[in-house]
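A.B. asks: File follows, target25.cif with mmCIF, C-alpha atoms:
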```cif
data_query
#
loop_
_atom_site.label_atom_id
_atom_site.label_comp_id
_atom_site.auth_asym_id
_atom_site.auth_seq_id
_atom_site.Cartn_x
_atom_site.Cartn_y
_atom_site.Cartn_z
CA MET A 1 0.00 0.00 0.00
CA ASN A 2 1.13 3.55 -0.65
CA LYS A 3 1.24 4.83 2.88
CA ILE A 4 3.16 8.03 2.23
CA ASN A 5 1.30 10.84 0.56
CA PRO A 6 3.50 12.04 -2.33
CA LEU A 7 2.46 15.57 -1.41
CA TYR A 8 4.67 15.21 1.68
CA PHE A 9 7.53 14.19 -0.55
CA LEU A 10 6.76 17.14 -2.84
CA ALA A 11 6.70 19.46 0.19
CA LEU A 12 10.03 18.03 1.37
CA LEU A 13 11.56 18.57 -2.06
CA GLY A 14 10.06 22.07 -2.07
CA VAL A 15 11.75 22.86 1.24
CA ILE A 16 15.06 21.41 0.02
CA MET A 17 14.70 23.47 -3.17
CA LEU A 18 14.13 26.67 -1.16
CA LEU A 19 17.15 25.84 1.00
CA SER A 20 19.20 25.25 -2.16
CA PHE A 21 18.15 28.70 -3.44
CA GLN A 22 19.22 30.19 -0.11
CA LEU A 23 22.53 28.35 -0.39
CA VAL A 24 23.13 29.62 -3.92
CA TRP A 25 22.13 33.17 -2.90
CA ASN A 26 24.65 33.10 -0.04
CA ASP A 27 27.25 31.61 -2.36
CA SER A 28 26.72 34.34 -4.97
CA ILE A 29 27.24 36.99 -2.26
CA GLU A 30 30.38 35.19 -1.07
CA LEU A 31 31.63 34.88 -4.64
CA SER A 32 31.19 38.61 -5.34
CA LYS A 33 33.04 39.29 -2.07
CA SER A 34 35.77 36.93 -3.20
CA HIS A 35 36.04 38.70 -6.60
CA ALA A 36 36.15 42.09 -4.85
CA LYS A 37 38.83 40.80 -2.47
CA LEU A 38 40.95 39.60 -5.40
CA ARG A 39 40.44 42.91 -7.24
CA ASN A 40 41.41 44.93 -4.14
CA TYR A 41 44.39 42.70 -3.53
CA LYS A 42 45.61 43.19 -7.10
CA ASN A 43 45.22 46.97 -6.72
CA SER A 44 47.09 46.91 -3.40
CA VAL A 45 49.91 44.87 -4.94
CA LYS A 46 50.10 47.27 -7.90
CA GLU A 47 50.29 50.23 -5.52
CA TYR A 48 52.83 48.38 -3.36
CA ASN A 49 55.09 47.76 -6.37
CA GLU A 50 54.77 51.38 -7.52
CA LEU A 51 55.58 52.70 -4.05
CA LYS A 52 58.42 50.22 -3.71
CA THR A 53 60.07 51.52 -6.88
CA SER A 54 59.59 55.13 -5.73
CA VAL A 55 61.49 54.51 -2.46
CA SER A 56 65.18 53.77 -2.82
CA THR A 57 66.86 50.97 -0.90
CA LYS A 58 69.93 51.49 1.28
CA GLU A 59 72.23 50.30 -1.53
CA GLN A 60 70.54 52.58 -4.06
CA VAL A 61 70.86 55.60 -1.73
CA LEU A 62 74.57 54.89 -1.11
CA LYS A 63 75.13 54.58 -4.85
CA GLU A 64 73.34 57.89 -5.43
CA LEU A 65 75.46 59.57 -2.76
CA ASP A 66 78.66 58.21 -4.34
CA LEU A 67 77.63 59.60 -7.71
CA LEU A 68 76.81 62.94 -6.09
CA VAL A 69 80.20 63.20 -4.37
CA GLN A 70 82.05 62.25 -7.55
CA ASN A 71 80.06 64.70 -9.67
CA GLN A 72 82.29 67.26 -11.44
CA ASP A 73 80.16 70.13 -10.14
CA PHE A 74 80.86 69.28 -6.52
CA ILE A 75 84.48 68.08 -6.61
CA GLN A 76 85.72 71.62 -5.89
CA ALA A 77 83.09 72.10 -3.22
CA ASN A 78 84.50 69.60 -0.77
CA ILE A 79 81.59 67.37 0.23
CA GLU A 80 82.08 65.51 3.50
CA THR A 81 80.17 62.28 3.83
CA LYS A 82 79.61 60.28 7.00
CA ILE A 83 77.83 56.96 6.75
CA PHE A 84 76.15 55.54 9.85
CA ASN A 85 74.09 52.42 10.31
CA ASN A 86 70.75 53.84 9.17
CA ARG A 87 71.62 57.36 8.07
CA ALA A 88 74.15 59.31 6.03
CA VAL A 89 75.23 62.91 6.68
CA LEU A 90 76.51 65.13 3.87
CA ARG A 91 78.19 68.46 4.48
CA LEU A 92 78.84 70.83 1.57
CA LEU A 93 80.99 73.90 2.12
CA THR A 94 80.94 76.47 -0.67
CA ASN A 95 80.56 80.16 -1.27
CA GLN A 96 79.20 79.58 -4.78
CA LYS A 97 75.49 80.10 -4.91
CA LYS A 98 75.09 78.05 -8.11
CA VAL A 99 76.80 75.01 -6.62
CA MET A 100 74.57 75.24 -3.58
CA GLN A 101 71.43 75.39 -5.79
CA LYS A 102 72.58 72.46 -7.93
CA PHE A 103 73.24 70.42 -4.80
CA VAL A 104 69.77 71.12 -3.40
CA ASN A 105 68.13 70.33 -6.74
CA ARG A 106 70.01 67.03 -7.03
CA MET A 107 68.97 66.08 -3.51
CA LEU A 108 65.32 66.92 -4.16
CA ASN A 109 65.19 64.98 -7.43
CA LYS A 110 66.40 61.74 -5.85
CA ASN A 111 64.15 59.28 -4.05
CA MET A 112 65.81 59.85 -0.72
CA LYS A 113 64.14 60.53 2.57
CA ILE A 114 65.66 63.61 4.17
CA ASN A 115 65.52 63.48 7.97
CA ARG A 116 67.25 66.75 8.69
CA MET A 117 68.59 69.74 6.78
CA GLU A 118 70.54 72.80 7.87
CA ALA A 119 71.60 75.48 5.41
CA THR A 120 73.21 78.92 5.49
CA LYS A 121 74.76 80.98 2.70
CA ASN A 122 78.02 79.03 2.68
CA TYR A 123 77.24 75.55 3.87
CA ILE A 124 74.53 72.92 3.82
CA VAL A 125 74.18 69.78 5.93
CA VAL A 126 71.74 67.06 4.89
CA GLU A 127 70.91 63.90 6.83
CA VAL A 128 69.50 61.13 4.64
CA LYS A 129 67.73 58.00 5.86
CA LEU A 130 69.32 54.74 4.70
CA MET B 9 6.79 -4.82 3.39
CA ILE B 10 9.74 -4.08 5.68
CA LEU B 11 8.29 -6.44 8.22
CA THR B 12 8.13 -9.22 5.68
CA LEU B 13 11.73 -8.65 4.70
CA PHE B 14 13.11 -8.88 8.21
CA SER B 15 10.78 -11.35 9.82
CA ASN B 16 10.47 -15.07 9.29
CA LYS B 17 6.99 -15.16 10.74
CA LYS B 18 4.19 -15.72 8.27
CA ILE B 19 1.85 -12.81 7.93
CA GLU B 20 -1.75 -13.71 8.58
CA LYS B 21 -4.25 -13.39 5.76
CA LEU B 22 -7.68 -12.15 6.69
CA PHE B 23 -10.76 -12.35 4.50
CA PHE B 24 -12.24 -8.92 5.00
CA THR B 25 -15.95 -8.12 4.64
CA LYS B 26 -18.01 -5.10 5.56
CA ASN B 27 -19.13 -6.99 8.69
CA SER B 28 -15.58 -7.79 9.84
CA SER B 29 -14.61 -6.73 13.32
CA ILE B 30 -11.03 -7.66 14.07
CA LYS B 31 -8.90 -7.36 17.13
CA ILE B 32 -5.34 -8.09 16.17
CA ASN B 33 -1.96 -6.52 16.91
CA LYS B 34 0.09 -8.34 14.27
CA PRO B 35 0.65 -7.22 10.68
CA VAL B 36 -1.89 -8.70 8.27
CA ASP B 37 -2.67 -9.16 4.60
CA LEU B 38 -6.28 -8.27 3.81
CA VAL B 39 -8.24 -10.16 1.16
CA LEU B 40 -11.18 -7.94 0.29
CA SER B 41 -14.58 -9.48 -0.31
CA PRO B 42 -16.50 -8.64 -3.51
CA GLU B 43 -18.52 -6.07 -1.54
CA PHE B 44 -15.63 -3.67 -2.00
CA TYR B 45 -15.21 -3.77 -5.75
CA TRP B 46 -16.80 -4.19 -9.14
CA VAL B 47 -15.16 -6.76 -11.36
CA ARG B 48 -15.55 -7.63 -15.02
CA VAL B 49 -13.53 -9.15 -17.83
CA PHE B 50 -13.00 -6.75 -20.72
CA GLU B 51 -11.37 -7.28 -24.04
CA ILE B 52 -9.10 -4.31 -24.49
CA PRO B 53 -6.68 -3.98 -27.43
CA VAL B 54 -3.65 -2.84 -25.42
CA GLU B 55 -0.36 -4.48 -24.49
CA ASN B 56 -0.40 -4.40 -20.74
CA SER B 57 -2.55 -3.78 -17.70
CA ALA B 58 -1.05 -0.33 -17.01
CA LYS B 59 -2.36 0.87 -20.39
CA SER B 60 -5.71 -0.84 -19.87
CA ILE B 61 -6.29 1.05 -16.60
CA LYS B 62 -6.51 4.32 -18.53
CA LEU B 63 -9.54 2.99 -20.44
CA LEU B 64 -11.35 1.51 -17.45
CA PRO B 65 -13.25 4.65 -16.34
CA THR B 66 -15.04 4.63 -19.73
CA LEU B 67 -15.66 0.87 -19.70
CA PHE B 68 -17.06 0.89 -16.16
CA GLU B 69 -19.18 3.98 -16.87
CA ASP B 70 -22.43 2.03 -17.27
CA ILE B 71 -21.76 -0.39 -14.41
CA VAL B 72 -20.67 1.76 -11.45
CA PRO B 73 -22.51 4.68 -9.80
CA ALA B 74 -21.40 7.93 -11.39
CA TYR B 75 -21.05 9.83 -8.08
CA GLU B 76 -18.42 7.55 -6.55
CA PRO B 77 -14.75 8.56 -6.82
CA LEU B 78 -13.21 5.33 -8.08
CA HIS B 79 -9.81 3.85 -8.68
CA TYR B 80 -9.06 1.00 -11.05
CA HIS B 81 -6.99 -2.16 -11.12
CA SER B 82 -6.38 -4.60 -13.95
CA ILE B 83 -4.86 -8.07 -14.35
CA LYS B 84 -3.97 -9.40 -17.80
CA LEU B 85 -5.53 -12.77 -18.57
CA THR B 86 -4.98 -14.11 -22.10
CA GLY B 87 -4.71 -12.23 -25.37
CA ASN B 88 -6.51 -8.93 -25.00
CA ASP B 89 -8.61 -10.09 -22.06
CA PHE B 90 -8.15 -8.22 -18.79
CA LEU B 91 -9.71 -8.88 -15.42
CA CYS B 92 -10.71 -5.36 -14.42
CA PHE B 93 -11.63 -3.93 -11.03
CA ALA B 94 -13.19 -0.66 -9.95
CA PHE B 95 -13.14 0.29 -6.30
CA ASN B 96 -13.75 3.15 -3.93
CA THR B 97 -10.53 3.63 -2.00
CA GLN B 98 -12.04 5.93 0.61
CA GLU B 99 -14.83 3.48 1.37
CA ILE B 100 -12.34 0.60 1.76
CA LEU B 101 -10.09 2.63 4.05
CA GLU B 102 -13.04 3.81 6.14
CA THR B 103 -14.30 0.24 6.56
CA ILE B 104 -10.83 -1.03 7.53
CA LYS B 105 -10.49 1.80 10.02
CA ASN B 106 -13.89 1.05 11.57
CA SER B 107 -13.09 -2.67 11.82
CA GLY B 108 -10.31 -1.98 14.33
CA ILE B 109 -7.24 -2.58 12.17
CA LYS B 110 -4.61 0.12 12.21
CA SER B 111 -3.31 1.17 8.79
CA SER B 112 0.26 0.54 10.02
CA GLN B 113 -0.63 -3.15 10.52
CA ILE B 114 -1.64 -3.68 6.91
CA ASN B 115 1.04 -5.34 4.83
CA HIS B 116 -0.80 -5.90 1.52
CA ILE B 117 -4.35 -5.75 0.26
CA TYR B 118 -5.76 -8.17 -2.31
CA PHE B 119 -9.10 -8.61 -4.06
CA ALA B 120 -10.59 -11.99 -3.22
CA GLN B 121 -11.65 -12.67 -6.84
CA ASN B 122 -8.80 -15.01 -7.83
CA TYR B 123 -7.78 -16.47 -4.50
CA MET B 124 -10.84 -18.36 -3.22
CA LYS B 125 -11.27 -20.69 -6.17
CA GLU B 126 -10.74 -23.83 -4.08
CA TYR B 127 -14.17 -23.10 -2.54
CA ASP B 128 -17.24 -23.02 -4.78
CA ALA B 129 -19.27 -21.39 -2.07
CA PHE B 130 -18.42 -20.25 1.46
CA ILE B 131 -19.65 -18.21 4.35
CA ILE B 132 -17.47 -15.83 6.29
CA ASP B 133 -18.63 -13.33 8.92
CA ASP B 134 -22.20 -14.35 8.26
CA SER B 135 -21.93 -13.35 4.58
CA ALA B 136 -22.17 -15.87 1.73
CA PHE B 137 -20.00 -15.89 -1.37
CA MET B 138 -19.88 -18.07 -4.43
CA TYR B 139 -18.31 -18.25 -7.89
CA GLU B 140 -20.72 -17.56 -10.75
CA LYS B 141 -19.13 -17.86 -14.19
CA ASP B 142 -15.67 -17.51 -12.62
CA ILE B 143 -16.60 -14.29 -10.85
CA LEU B 144 -16.75 -14.27 -7.06
CA ILE B 145 -19.98 -12.65 -5.92
CA LYS B 146 -21.80 -12.06 -2.66
CA VAL B 147 -25.12 -13.84 -2.44
CA PRO B 148 -27.86 -14.18 0.16
CA LYS B 149 -27.12 -17.06 2.57
CA ALA B 150 -30.26 -18.85 1.42
CA PHE B 151 -28.72 -19.38 -2.02
CA CYS B 152 -25.92 -21.58 -0.77
CA LYS B 153 -27.10 -23.82 1.97
CA ASP B 154 -24.24 -26.29 1.53
CA ALA B 155 -21.55 -23.66 1.66
CA LEU B 156 -18.54 -24.09 3.89
CA ILE B 157 -18.39 -21.89 6.90
CA LEU B 158 -14.89 -20.46 7.05
CA ASN B 159 -12.92 -18.55 9.62
CA SER B 160 -11.88 -15.12 8.48
CA THR B 161 -8.23 -16.15 8.91
CA ILE B 162 -7.41 -17.96 5.64
CA ASN B 163 -3.71 -18.68 5.69
CA THR B 164 -4.06 -21.63 3.32
CA ILE B 165 -4.69 -19.57 0.19
CA ALA B 166 -1.87 -18.30 -2.04
CA VAL B 167 -1.92 -14.63 -3.01
CA ASP B 168 0.33 -12.91 -5.50
CA LYS B 169 -0.73 -9.53 -6.90
CA PRO B 170 -1.52 -6.90 -4.27
CA ILE B 171 -3.47 -3.82 -5.25
CA ASP B 172 -2.00 -0.36 -5.08
CA LEU B 173 -4.25 1.28 -2.55
CA LYS B 174 -3.45 4.82 -1.58
CA GLN B 175 -3.97 5.72 2.04
CA TYR B 176 -4.30 9.38 1.34
CA SER B 177 -6.45 11.76 -0.62
CA SER B 178 -4.88 14.26 -2.90
CA PHE B 179 -6.37 17.36 -4.50
CA ILE B 180 -3.86 17.30 -7.33
CA SER B 181 -3.17 14.38 -9.60
CA ASP B 182 -0.26 12.02 -9.04
CA LYS B 183 1.08 12.90 -12.47
CA LEU B 184 1.27 16.57 -11.56
CA ILE B 185 2.89 15.72 -8.23
CA TYR B 186 5.54 13.58 -9.90
CA THR B 187 6.12 16.26 -12.55
CA LEU B 188 6.59 18.86 -9.83
CA CYS B 189 8.85 16.48 -7.89
CA ALA B 190 10.98 16.00 -11.00
CA LEU B 191 11.07 19.76 -11.56
CA PHE B 192 12.03 20.47 -7.94
CA PHE B 193 14.66 17.75 -8.07
CA PHE B 194 16.08 19.25 -11.28
CA VAL B 195 16.23 22.72 -9.70
CA ILE B 196 17.91 21.27 -6.60
CA ILE B 197 20.53 19.54 -8.73
CA LEU B 198 21.01 22.76 -10.72
CA ASN B 199 21.47 24.77 -7.51
CA LEU B 200 23.88 22.20 -6.10
CA SER B 201 25.89 22.39 -9.33
CA LYS B 202 25.95 26.18 -8.99
CA HIS B 203 27.07 25.80 -5.37
CA ILE B 204 29.95 23.57 -6.46
CA PHE B 205 30.83 25.97 -9.31
CA TYR B 206 30.82 28.97 -6.92
CA ASP B 207 32.99 27.05 -4.45
CA VAL B 208 35.49 26.23 -7.19
CA GLU B 209 35.54 29.89 -8.31
CA MET B 210 36.18 31.08 -4.74
CA GLU B 211 38.95 28.52 -4.35
CA LYS B 212 40.49 29.74 -7.63
CA ASN B 213 40.42 33.34 -6.35
CA LEU B 214 42.18 32.26 -3.15
CA GLN B 215 44.81 30.41 -5.19
CA LYS B 216 45.34 33.50 -7.37
CA ILE B 217 45.90 35.62 -4.24
CA GLU B 218 48.39 33.06 -2.92
CA LEU B 219 50.21 33.04 -6.26
CA ILE B 220 50.44 36.86 -6.32
CA LYS B 221 51.77 36.75 -2.74
CA GLU B 222 54.48 34.29 -3.70
CA GLN B 223 55.44 36.12 -6.89
CA ASN B 224 55.75 39.50 -5.14
CA GLN B 225 57.11 38.16 -1.83
CA LEU B 226 54.31 39.81 0.11
CA PRO B 227 53.39 39.31 3.79
CA ALA B 228 51.10 36.44 4.75
CA THR B 229 47.98 38.49 5.51
CA SER B 230 46.22 41.36 3.73
CA PHE B 231 46.19 43.22 7.02
CA GLN B 232 50.00 43.22 7.12
CA LEU B 233 50.13 44.34 3.48
CA GLN B 234 47.73 47.21 4.19
CA SER B 235 49.83 48.25 7.19
CA ILE B 236 53.02 48.30 5.07
CA LEU B 237 51.18 50.19 2.31
CA GLU B 238 49.94 52.77 4.80
CA ASN B 239 53.51 53.38 6.07
CA MET B 240 54.78 53.66 2.49
CA ARG B 241 52.02 56.12 1.60
CA ILE B 242 52.81 58.26 4.65
CA GLU B 243 56.53 58.21 3.79
CA LYS B 244 55.89 59.11 0.16
CA ASN B 245 53.49 61.85 1.15
CA LEU B 246 56.01 63.30 3.60
CA HIS B 247 58.74 63.23 0.94
CA LYS B 248 56.47 65.05 -1.51
CA LYS B 249 55.40 67.59 1.10
CA PHE B 250 59.04 68.27 2.03
CA ASN B 251 60.01 68.82 -1.62
CA ASP B 252 57.01 71.09 -2.26
CA ALA B 253 57.61 73.08 0.92
CA LEU B 254 61.34 73.54 0.23
CA PHE B 255 60.62 74.56 -3.35
CA PHE B 256 58.03 77.06 -2.08
CA ILE B 257 60.40 78.48 0.52
CA LEU B 258 63.30 78.86 -1.94
CA ASN B 259 60.94 80.45 -4.48
CA PHE B 260 60.57 83.30 -2.00
CA LYS B 261 63.64 84.97 -3.44
CA SER B 262 62.11 85.39 -6.90
CA LEU B 263 59.15 87.33 -5.44
CA PHE B 264 61.12 89.43 -2.99
CA PRO B 265 64.59 89.94 -4.51
CA LYS B 266 65.66 92.50 -1.89
CA ASP B 267 65.17 90.03 0.97
CA SER B 268 67.20 86.88 1.63
CA ILE B 269 67.18 83.66 3.65
CA GLU B 270 70.02 83.66 6.14
CA LYS B 271 69.47 80.25 7.67
CA LEU B 272 67.25 77.21 7.09
CA ASN B 273 66.72 74.31 9.49
CA TYR B 274 64.53 71.29 8.88
CA LYS B 275 63.71 68.45 11.26
CA ASP B 276 60.61 66.31 11.99
CA GLY B 277 58.36 68.04 9.46
CA ARG B 278 59.20 71.55 10.64
CA PHE B 279 61.26 74.34 9.07
CA ILE B 280 62.85 77.08 11.13
CA LEU B 281 63.73 79.94 8.79
CA LEU B 282 65.67 83.12 9.38
CA PHE B 283 65.04 85.90 6.84
CA LYS B 284 66.82 89.18 6.40
CA SER B 285 63.96 91.54 5.65
CA GLN B 286 62.55 94.90 6.73
CA ASP B 287 58.95 93.64 6.46
CA GLY B 288 58.39 90.53 8.55
CA LYS B 289 54.59 90.63 8.03
CA LYS B 290 55.03 90.31 4.25
CA ILE B 291 57.09 87.13 4.68
CA ARG B 292 54.59 85.72 7.16
CA ARG B 293 51.71 86.36 4.73
CA TYR B 294 53.64 84.65 1.94
CA MET B 295 54.35 81.59 4.10
CA GLN B 296 50.71 81.37 5.20
CA THR B 297 49.53 80.91 1.60
CA LYS B 298 50.86 77.35 1.53
CA LEU B 299 52.35 76.40 4.88
CA ARG B 300 51.13 76.41 8.47
CA VAL B 301 52.97 79.10 10.38
CA LEU B 302 53.65 77.95 13.93
CA SER B 303 55.43 81.07 15.20
CA SER B 304 57.09 84.20 13.88
CA SER B 305 59.09 87.07 15.32
CA SER B 306 60.98 90.05 13.88
CA LYS B 307 63.95 91.85 15.40
CA ASN B 308 66.65 94.17 14.04
CA GLY B 309 65.73 93.54 10.41
CA PHE B 310 65.66 89.76 10.83
CA THR B 311 62.49 87.62 10.86
CA ARG B 312 62.39 84.17 12.37
CA ILE B 313 59.52 81.94 11.18
CA GLU B 314 58.70 78.38 12.16
CA VAL B 315 56.47 76.51 9.70
CA SER B 316 55.08 73.03 9.49
CA ILE B 317 54.78 71.11 6.21
#
```
Take the structure in the file and write it out as structure tokens.

C.D. replies:
Amino acid sequence: MNKINPLYFLALLGVIMLLSFQLVWNDSIELSKSHAKLRNYKNSVKEYNELKTSVSTKEQVLKELDLLVQNQDFIQANIETKIFNNRAVLRLLTNQKKVMQKFVNRMLNKNMKINRMEATKNYIVVEVKL
Amino acid sequence: MILTLFSNKKIEKLFFTKNSSIKINKPVDLVLSPEFYWVRVFEIPVENSAKSIKLLPTLFEDIVPAYEPLHYHSIKLTGNDFLCFAFNTQEILETIKNSGIKSSQINHIYFAQNYMKEYDAFIIDDSAFMYEKDILIKVPKAFCKDALILNSTINTIAVDKPIDLKQYSSFISDKLIYTLCALFFFVIILNLSKHIFYDVEMEKNLQKIELIKEQNQLPATSFQLQSILENMRIEKNLHKKFNDALFFILNFKSLFPKDSIEKLNYKDGRFILLFKSQDGKKIRRYMQTKLRVLSSSSKNGFTRIEVSI
């Protein structure tokens, strides 16, 4: 004998179907979150790489400082350089206004973080972070 | 059915009439008396009994009362001959219920038509039955005086084809129910497939993130990456602000050629500037256009200004 009313079975399937819709709805929300997370992560990584290239490493800064000291414009000007563990101090003594301006311009155009600066008409001291 | 599968005990067979009153706790097979059905042999040009059932409402039209909601059952005999039954399910179920048998006790239900042939005539529960042209019918007791008086328990007979008796009433047809079931099932499967697909997509996204991490040697968590990024942004911003501020300060000379900067000090985002100028207010106003002036003082033609980038 058929003791179970198929309507009960239909109702059960109906409930399971509704639950499956709920499941898929939740999944679609989770998936869009996942896509957004990936998109944001890619953007963050892109920004990270851009920022990374805009900030010089210790080796790059030391190389830049070497080039600066050996530059023809500043050989006469007597640049003193002191390298410490995490900073470098440059002292330029000159009475030539043009040399002073060139030095400042070179410093500003490089990707170096300047911690401290002291300047008068005939000398300039710059402390750079390494 | 389950009981028969797991039990070795024989299930009792009861000949069931409208007068039956049964007190029993065991599972039973019910053999329904002819009171519960109409029976006739029809010649129907179809292959099997399932197809013949579809035609039975029309064939029984002239035999059964039109107002009764009937179900049909058919057994193939020979050739195109079918032994056909019409019965009122609700009436049968009501009678069984009133007799004292619980529906859970019923194993199978059979029509008596084919299973009592070893008796020409018999009396059970004070009702008389006999075969007339191979059809079992109920007759008045006076018609069969020599009939055997039988107990309603008839375990000796062999039964084979139970009838499909529904124990429920339904306002929509079985076909529609099964169609809907199939549809619901299909939708469920579809949704489950989507669920799996979404899971795979999410897993792929996670793998992509892990791959990017490895390729760029990034920290393990996004939180750490955001923290590093924030520090880098601050550092870059500070560098830009310093450059802009220094450029702005040094540009002072082009606007005020008679004045000059005597000394410049920078530390921790602050400039301390010493100007040689007769008009300290003018310099202060100039500085205020782009920088935040923290303090200023003028003395003996010199102006000291402290600004923040």

A.B. asks: For this file, the PyMOL selection byres ((chain B) within 7 of (chain A)) selects which residues, as a PyMOL selection string?

C.D. replies: chain B and resi 116+172-176+185+189+192-193+195-196+199-200+202-203+206+210+213+217+237+240+247+251+270-276

A.B. asks: Could those selected residues go to a file with C-alpha atoms, as a PDB file, in the coordinates of the input?

C.D. replies:
```pdb
ATOM      1  CA  HIS B 116      -0.800  -5.900   1.520  1.00  0.00           C
ATOM      2  CA  ASP B 172      -2.000  -0.360  -5.080  1.00  0.00           C
ATOM      3  CA  LEU B 173      -4.250   1.280  -2.550  1.00  0.00           C
ATOM      4  CA  LYS B 174      -3.450   4.820  -1.580  1.00  0.00           C
ATOM      5  CA  GLN B 175      -3.970   5.720   2.040  1.00  0.00           C
ATOM      6  CA  TYR B 176      -4.300   9.380   1.340  1.00  0.00           C
ATOM      7  CA  ILE B 185       2.890  15.720  -8.230  1.00  0.00           C
ATOM      8  CA  CYS B 189       8.850  16.480  -7.890  1.00  0.00           C
ATOM      9  CA  PHE B 192      12.030  20.470  -7.940  1.00  0.00           C
ATOM     10  CA  PHE B 193      14.660  17.750  -8.070  1.00  0.00           C
ATOM     11  CA  VAL B 195      16.230  22.720  -9.700  1.00  0.00           C
ATOM     12  CA  ILE B 196      17.910  21.270  -6.600  1.00  0.00           C
ATOM     13  CA  ASN B 199      21.470  24.770  -7.510  1.00  0.00           C
ATOM     14  CA  LEU B 200      23.880  22.200  -6.100  1.00  0.00           C
ATOM     15  CA  LYS B 202      25.950  26.180  -8.990  1.00  0.00           C
ATOM     16  CA  HIS B 203      27.070  25.800  -5.370  1.00  0.00           C
ATOM     17  CA  TYR B 206      30.820  28.970  -6.920  1.00  0.00           C
ATOM     18  CA  MET B 210      36.180  31.080  -4.740  1.00  0.00           C
ATOM     19  CA  ASN B 213      40.420  33.340  -6.350  1.00  0.00           C
ATOM     20  CA  ILE B 217      45.900  35.620  -4.240  1.00  0.00           C
ATOM     21  CA  LEU B 237      51.180  50.190   2.310  1.00  0.00           C
ATOM     22  CA  MET B 240      54.780  53.660   2.490  1.00  0.00           C
ATOM     23  CA  HIS B 247      58.740  63.230   0.940  1.00  0.00           C
ATOM     24  CA  ASN B 251      60.010  68.820  -1.620  1.00  0.00           C
ATOM     25  CA  GLU B 270      70.020  83.660   6.140  1.00  0.00           C
ATOM     26  CA  LYS B 271      69.470  80.250   7.670  1.00  0.00           C
ATOM     27  CA  LEU B 272      67.250  77.210   7.090  1.00  0.00           C
ATOM     28  CA  ASN B 273      66.720  74.310   9.490  1.00  0.00           C
ATOM     29  CA  TYR B 274      64.530  71.290   8.880  1.00  0.00           C
ATOM     30  CA  LYS B 275      63.710  68.450  11.260  1.00  0.00           C
ATOM     31  CA  ASP B 276      60.610  66.310  11.990  1.00  0.00           C
TER      32      ASP B 276
END
```

A.B. asks: Output the residue selection produced by the PyMOL selection byres ((chain B and resi 36-44) around 8) on the file above, formatted as an mmCIF file with C-alpha atoms, in the coordinates of the input.

C.D. replies:
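Dumped to result34.cif:
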```cif
data_model
loop_
_atom_site.group_PDB
_atom_site.id
_atom_site.type_symbol
_atom_site.label_atom_id
_atom_site.label_comp_id
_atom_site.auth_asym_id
_atom_site.auth_seq_id
_atom_site.Cartn_x
_atom_site.Cartn_y
_atom_site.Cartn_z
ATOM 1 C CA ILE B 19 1.850 -12.810 7.930
ATOM 2 C CA GLU B 20 -1.750 -13.710 8.580
ATOM 3 C CA LYS B 21 -4.250 -13.390 5.760
ATOM 4 C CA LEU B 22 -7.680 -12.150 6.690
ATOM 5 C CA PHE B 23 -10.760 -12.350 4.500
ATOM 6 C CA PHE B 24 -12.240 -8.920 5.000
ATOM 7 C CA THR B 25 -15.950 -8.120 4.640
ATOM 8 C CA LYS B 26 -18.010 -5.100 5.560
ATOM 9 C CA LYS B 34 0.090 -8.340 14.270
ATOM 10 C CA PRO B 35 0.650 -7.220 10.680
ATOM 11 C CA TYR B 45 -15.210 -3.770 -5.750
ATOM 12 C CA TRP B 46 -16.800 -4.190 -9.140
ATOM 13 C CA PHE B 95 -13.140 0.290 -6.300
ATOM 14 C CA ASN B 96 -13.750 3.150 -3.930
ATOM 15 C CA GLU B 99 -14.830 3.480 1.370
ATOM 16 C CA ILE B 100 -12.340 0.600 1.760
ATOM 17 C CA GLN B 113 -0.630 -3.150 10.520
ATOM 18 C CA ILE B 114 -1.640 -3.680 6.910
ATOM 19 C CA ASN B 115 1.040 -5.340 4.830
ATOM 20 C CA HIS B 116 -0.800 -5.900 1.520
ATOM 21 C CA ILE B 117 -4.350 -5.750 0.260
ATOM 22 C CA TYR B 118 -5.760 -8.170 -2.310
ATOM 23 C CA PHE B 119 -9.100 -8.610 -4.060
ATOM 24 C CA ALA B 120 -10.590 -11.990 -3.220
ATOM 25 C CA GLN B 121 -11.650 -12.670 -6.840
ATOM 26 C CA LEU B 144 -16.750 -14.270 -7.060
ATOM 27 C CA ILE B 145 -19.980 -12.650 -5.920
ATOM 28 C CA LYS B 146 -21.800 -12.060 -2.660
#
```

A.B. asks: Work out how far CA of Ala58 in chain B is from CA of Ser82 in chain B, in Å to one decimal.

C.D. replies: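 Going from CA of Ser82 in chain B over to CA of Ala58 in chain B, I get 7.5 Å.
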
A.B. asks: List as a ChimeraX atom specification the protein and nucleic acid residues near range 64-73 of chain A, meaning an atom at most 9 Å away when only C-alpha atoms are counted, but skip any in the same chain fewer than 4 places from it.

C.D. replies: /A:59-60,77-81,88,90,99,102-103,106-107,110

A.B. asks: When the PyMOL selection byres ((chain B and resi 304-312) around 9) is applied to the file above, which residues end up in the set, as a list in words?

C.D. replies: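 Checked against the file, the PyMOL selection byres ((chain B and resi 304-312) around 9) matches Glu270, Ile280, Leu281, Leu282, Phe283, Lys284, Ser285, Gln286, Asp287, Gly288, Lys289, Ile291, Arg292, Val301, Leu302, Ser303, Ile313, Glu314 and Val315 of chain B.
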
A.B. asks: Report, in Å with one decimal, the straight-line distance from CA of His81 in chain B to CA of Phe93 in chain B.

C.D. replies: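 CA of His81 in chain B sits 5.0 Å away from CA of Phe93 in chain B.
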